[in-house]
Every structure is written in structure tokens, then in C-alpha cells.
Amino acid sequence: MDSHASPPSLDEGDSIDFRELLQRARRGLPRIAGLALVGLAVGLGCGLVISYKRTAVSALRVTFGFPGFELGTYPNGSRFQPDDVRAPDVVNAAIQRLGVQGLGADESSRIRGAIGISGFISPGIIKERDRLRASGQNLPPYFPDEYEISLSLPRDFPLAVRHRELLLAEIVNVYLEKFRRTYVDLPDEFVNPFAALRDADFVEYELILTREMQSVLAYLEEKIDIDSERDGPEAKKELARARAAKQFRSPTNNLSFQDLFKQAQLFSQIRLNDVLSQIYVHGLSKDREHALVKMDYHLRTLEDREQRLKEEESVVTELLSKTQERAQSYVVASKVQNPSGGQPIMDQAFIDSLLANDAYNFLVRRALEAGLEVKRVQAEKARLQERRQRMRTFTTGQPADQAAAIAAMQKTLTDLEGAYQELLTKIRTTMDDYARQEYAAAVRISMQAKTDSILVGLLLAGALGLGMGSALGLGLSLLRESPDRPRV
């Protein structure tokens with residue numbers, strides 16, 4: 001075979017005529033457009049079905065800013081837990097308020113399990129902490145002030161997207177109300193203690209009203225108490241908040257917590273003591289025999305409590321006497337170098353001394369608490385016995401005089417209730433003004449609830465179906481035989 005033979009030339013029929021292909025595609029435009037529309041419809045339908053079977057995430061962001069949050073605590077010092085926002089009682093109350101029809105116990109349980117909360121940390125804070133960590137600094141614990149609450153449910157779940165967003169907002173509102181009831185608003189027992197005394201005897205007024213006034217005074221004293229002996233950065237922040245509360249003056253009634261504390265003291269010393277002394281001096285009682293029966297029962301409960309406290313005190317005292325047999329000693333700490341080159345070893349005698357002394361100090365404190373509790377119960381029992389003896393030996397006088405005294409006392413108690421409600425109104429007004437200043441940004445929504453849209457998935461599915469339909473139509477148009485007559 002000749003190695004210099006020329007390659008075979010291409011026949012004219014083997015070449016690709018792009019003009020012919022373009023003409024075929026142009027003639028097949030109706031077919032391409034039709035199949036493209038069919039593919040678009042199929043893609044949108046499949047995307048819609050798949051989207052409704054997939055999980056949709058509704059998210060909302062909430063920011064916390066109450067006093068103590070920078071330390072990871074609530075205003076009363078208890079530890080803050082982000083899961084408190086999605087507590088079962090909060091979620092159930094939000095579902096009930098939403099009032100969606102057709103939600104049973106199973107659906108409510110699924111909703112509670114689909115709610116999640118996670119801290120939202122900005123990239124700037126992450127970079128800053130990474131830079132400080134790389135420089136060798138010890139970083140304090142960081143508590144994010146913004147959290148994202150999410151609700152992940154299938155789109156075909158019997159809860160509309162709008163209702164899911166409203167549910168997340170309602171959860172935040174319920175949690176805020178719970179926060180205000182716990183840390184901001186006045187306790188419920190301050191509202192109207194006289195309602196619990198409607199059917200009570202006069203001898204019970206001293207027990208209930210005295211306890212309520214002590215609670216009110218303790219509540220106000222907590223607002224103006226400043227402990228200057230505390231130290232540390234956390235204590236300084238608490239001290240600053242205590243000073244702010246002490247210096248606060250309500251713009252509504254121009255009263256401070258110090259003014260309210262003095263007014264509460266005057267109410268207790270003048271108005272309340274005057275009424276209670278009249279009941280004590282005149283021995284007023286609606287049913288003397290029934291009052292004596294209740295006093296006997298109260299004495300019995302105090303005696304049982306006293307016996308139990310004495311047993312606890314005897315146990316602590318016995319343990320304390322055993323520890324006193326050894327002299328309380330303090331050992332100076334010393335370090336022994338570890339032969340392996342690791343951390344130094346602490347002297348065991350020093351550790352034993354710390355444990356023994358801590359146990360001894362604990363027993364001393366416990367013995368003191370037990371002894372004081374016994375004395376308080378004994379004092380209350382002695383006071384009740386004296387009142388019981390006076391009630392038994394008191395001369396009631398004529399029934400008409402007794403009825404007139406009771407009627408006069410009822411009027412006096414009505415006036416006392418009005419004065420007490422006026423005092424509580426002042427306290428509530430001042431506390432509301434203080435709450436608006438101190439807790440205005442305690443819990444607020446930083447980003448409204450929104451749900452992942454299905455438009456992105458539908459657009460992708462529609463574009464895929466449109467492309468496949470167009471490709472199919474173009475292929476069929478190009479494969480169609482030419483109308484020209486074939487060559488011979």
C-alpha cells in the first residue's frame with residue numbers, strides 16, 4: 001500500500017448543513033413551544049407536590065435585655081435558660097390564645113416538639129473572640145442576647161403559614177407576660193387580702209393582715225436595700241441597679257420606694273394597729289366557740305412543728321459536740337514538685353484541714369438556724385396561748401352591746417380596706433413606672449416571624465421542566481425527515 005496516498009475526501013452528503021438544521025428548528029417552533037409549556041406545567045406540579053411534603057421552617061428572633069441577663073441570670077438571681085421561652089405551659093397558653101380550629105392533643109404535642117430555640121451570634125463577635133483567644137487571653141463566658149425561635153412543620157400540617165407566624169409571636173407575648181408576673185408586677189397576695197377575710201373571724205385578722213404588711217414592707221425594703229460589702233464585677237452591677245431603684249422617683253405620683261416604705265410603716269403602726277388593738281381589747285368575735293376551736297388546732301400544729309424542729313436541733317447539736325472534740329486547726333498550704341514534671345501536688349494535710357473546717361462551720365450555721373427557728377415557733381405559740389386564754393375568760397357583755405361593737409368594727413374594717421387599697425395603688429403605680437424604665441427592653445421581637453417561601457423551589461422545578469420540554473421539542477424537530485426529495 002502506498003504510504004503517500006492522499007486521505008479520502010469527504011462526500012458532500014456527509015457534511016453538516018447548519019442552515020438546514022436551523023430551518024428545521026424554525027419550522028418546529030410550535031412543537032418546541034408546546035412541549036416547553038408541557039414541561040413547565042409538569043415541573044411546577046411536581047415542585048408544588050414536593051414542596052408541600054417537605055418541612056417548612058418559620059423563624060422569629062427575640063432579644064433579651066433585662067437586668068442580670070449579662071450575667072446569665074434573671075433579675076432575682078436565678079439562672080436564665082433559653083428553653084424557658086418554649087416551656088410547655090407557655091406553648092399551650094399560646095396555642096389556646098391563637099384559637100385555631102381542628103387542633104387536637106396530638107397536633108398540639110407535635111407543635112411543642114417542633115419548636116426550637118438557638119442563640120444568634122454575629123460574625124463580628126466570633127471574630128473578636130477568636131482574636132482574643134489567639135492572643136492568649138482568658139475569655140469570660142458569653143451569653144448571646146438574641147435568640148432565634150423556629151417552628152419546623154410540614155406544609156401540609158393543619159396549621160396555616162400565617163397561623164404559624166402568629167403562634168411564634170404569641171409565644172413571645174405569653175413569655176413576656178409570665179416574666180412580668182414573676183419579676184416585675186406586684187405579687188398576687190398583695191392585691192386584696194381582705195377578700196380572704198370576708199368570712200373570717202375577727203381574731204384571724206391579726207394573723208393575716210400582719211403577715212401581709214410584713215410582706216409589703218419586705219418587698220419595698222428589697223427595692224431600697226444596698227449591700228455595700230459585696231465585691232466583684234457582678235456585685236458592682238447589682239449594686240448599681242440597687243442604687244438606681246433607690247434613687248428612682250415615679251413621674252406619675254412623684255413617690256420613691258423610700259417614700260412608699262415610710263407610708264407603709266405609718267399605715268402599719270397607726271391604722272392597722274388601731275384596728276387590731278380594738279379587736280384585742282374588746283375581744284370581738286363572730287363565733288367565740290368556733291374561734292377557740294381554730295386556735296386549739298393552730299396550737300396543735302405549732303406544737304408538732306416545735307417537736308420536729310427540736311429533734312432536728314438535737315441532731316445538729318450532737319454532731320457539733322462531736323466535732324468540738326478536736327481543735328479547729330488551719331494548715332498552711334505547701335506545694336510538692338511533681339517528679340514527672342507536671343503540675344505541683346497540693347499537700348494532703350491542707351486539703352483535709354479545709355474539709356474538716358468547712359464541715360464544722362456548716363454545722364455551726366445549721367445549729368444557729370435550727371435554734372432560731374425553734375425560738376420563733378415558741379414565741380408564736382406563747383402569743384397564741386395568751387390570746388386563747390384572753391378569749392376564754394373575756395366577758396362578752398350584753399348581746400346588744402356586742403352586736404353594736406361588731407357593726408362598728410365592720411365599718412372600721414371597710415375604711416381600713418380602702419386605705420390599704422390606696423397604698424397598694426401607689427405602690428403599683430410607682431412599680432409600673434419603674435418597670436417601664438428598667439424593663440422596657442426586657443423581651444422584644446427583633447425580627448418578625450417569617451416562613452421559607454416555596455417560590456424558589458417552584459422556580460427551580462419550573463425552569464427544569466421548561467428546559468427539558470424545550471430540549472425534547474428541539475430534538476424531535478431536528479430528527480424529523482426533510483421534506484426535500486432525496487438524491488438518486
# chains A, B, ... in the order shown; residues from 1 in each chain; ligands from 1
>>> select_by_dssp(residues="segment 108-276 of chain A", states="helix (DSSP H, G or I)", output="PyMOL selection string")
chain A and resi 108-113+123-134+161-183+188-190+193-197+202-224+233-247+257-276
>>> residues_around(residues="segment 252-257 of chain A", least_positions_apart="6", cutoff="7 Å", atoms="only C-alpha atoms", output="PyMOL selection string")
chain A and resi 220+223-224+246+430
>>> write_last_selection(atoms="C-alpha atoms", output="CSV table (one decimal), in the first residue's frame")
chain,number,residue,atom,x,y,z
A,220,LEU,CA,-40.3,47.7,99.5
A,223,LYS,CA,-36.0,47.9,96.5
A,224,ILE,CA,-34.1,50.3,98.7
A,246,LYS,CA,-33.4,53.6,95.5
A,430,THR,CA,-44.6,53.5,91.1
>>> atom_distance(atom1="atom CA of Tyr147 of chain A", atom2="atom CA of Arg164 of chain A")
17.7 Å
>>> closest_residue(among="A:His290, A:Lys381, A:Arg181, A:Arg436", to="Ser250 of chain A", atoms="only C-alpha atoms")
A:Arg436
>>> atom_distance(atom1="atom CA of Ala56 of chain A", atom2="atom CA of Val91 of chain A")
19.0 Å
>>> atom_distance(atom1="atom CA of Thr210 of chain A", atom2="atom CA of Leu272 of chain A")
8.3 Å
>>> residues_around(residues="Glu422 of chain A", least_positions_apart="2", cutoff="12 Å", atoms="only C-alpha atoms", output="PyMOL selection string")
chain A and resi 191-192+260+263-264+267+415-420+424-429
>>> closest_residue(among="A:Thr55, A:Ser314, A:Thr451, A:Ser285", to="Glu204 of chain A", atoms="only C-alpha atoms")
A:Ser285
>>> select_by_dssp(residues="segment 345-474 of chain A", states="strand (DSSP E or B)", output="NGL selection string")
:A and (345-346 or 443-451)
>>> closest_residue(among="A:Glu107, A:Glu380, A:Glu70, A:Asp432", to="Asn92 of chain A", atoms="only C-alpha atoms")
A:Glu107
>>> residues_around(residues="segment 384-386 of chain A", least_positions_apart="5", cutoff="9 Å", atoms="only C-alpha atoms", output="list in words")
Met295, Asp296, His298, Leu299, Ala379 and Met391 of chain A
>>> closest_residue(among="A:Leu478, A:Leu460, A:Gln378, A:Arg383", to="Leu44 of chain A", atoms="only C-alpha atoms")
A:Leu460
>>> decode(residues="segment 430-473 of chain A", atoms="C-alpha atoms", output="CSV table (one decimal), in the first residue's frame")
chain,number,residue,atom,x,y,z
A,430,THR,CA,-44.6,53.5,91.1
A,431,MET,CA,-43.7,50.0,90.2
A,432,ASP,CA,-45.3,50.3,86.7
A,433,ASP,CA,-43.3,53.5,86.1
A,434,TYR,CA,-40.1,51.8,87.3
A,435,ALA,CA,-40.8,48.8,85.1
A,436,ARG,CA,-41.2,50.9,82.0
A,437,GLN,CA,-37.8,52.5,82.7
A,438,GLU,CA,-35.9,49.3,83.8
A,439,TYR,CA,-37.7,46.6,81.8
A,440,ALA,CA,-38.7,48.4,78.7
A,441,ALA,CA,-36.4,46.2,76.5
A,442,ALA,CA,-36.6,43.1,78.7
A,443,VAL,CA,-38.1,40.9,76.0
A,444,ARG,CA,-38.7,42.3,72.5
A,445,ILE,CA,-39.0,40.9,69.0
A,446,SER,CA,-36.0,41.9,66.9
A,447,MET,CA,-37.2,40.2,63.7
A,448,GLN,CA,-40.8,39.4,62.8
A,449,ALA,CA,-41.7,35.9,62.1
A,450,LYS,CA,-41.3,34.7,58.5
A,451,THR,CA,-41.5,31.3,56.7
A,452,ASP,CA,-39.4,29.8,54.0
A,453,SER,CA,-41.1,30.6,50.7
A,454,ILE,CA,-42.0,27.9,48.2
A,455,LEU,CA,-41.3,30.2,45.2
A,456,VAL,CA,-37.6,29.3,45.0
A,457,GLY,CA,-38.4,25.6,44.8
A,458,LEU,CA,-41.2,26.2,42.3
A,459,LEU,CA,-39.0,28.4,40.1
A,460,LEU,CA,-36.3,25.8,40.0
A,461,ALA,CA,-38.7,23.0,39.2
A,462,GLY,CA,-40.4,25.1,36.6
A,463,ALA,CA,-37.1,26.0,35.0
A,464,LEU,CA,-36.1,22.4,34.9
A,465,GLY,CA,-39.4,21.3,33.4
A,466,LEU,CA,-39.2,24.1,30.8
A,467,GLY,CA,-35.7,23.2,29.8
A,468,MET,CA,-36.5,19.5,29.5
A,469,GLY,CA,-39.6,20.2,27.4
A,470,SER,CA,-37.7,22.6,25.1
A,471,ALA,CA,-34.9,20.1,24.6
A,472,LEU,CA,-37.4,17.4,23.8
A,473,GLY,CA,-39.2,19.6,21.3
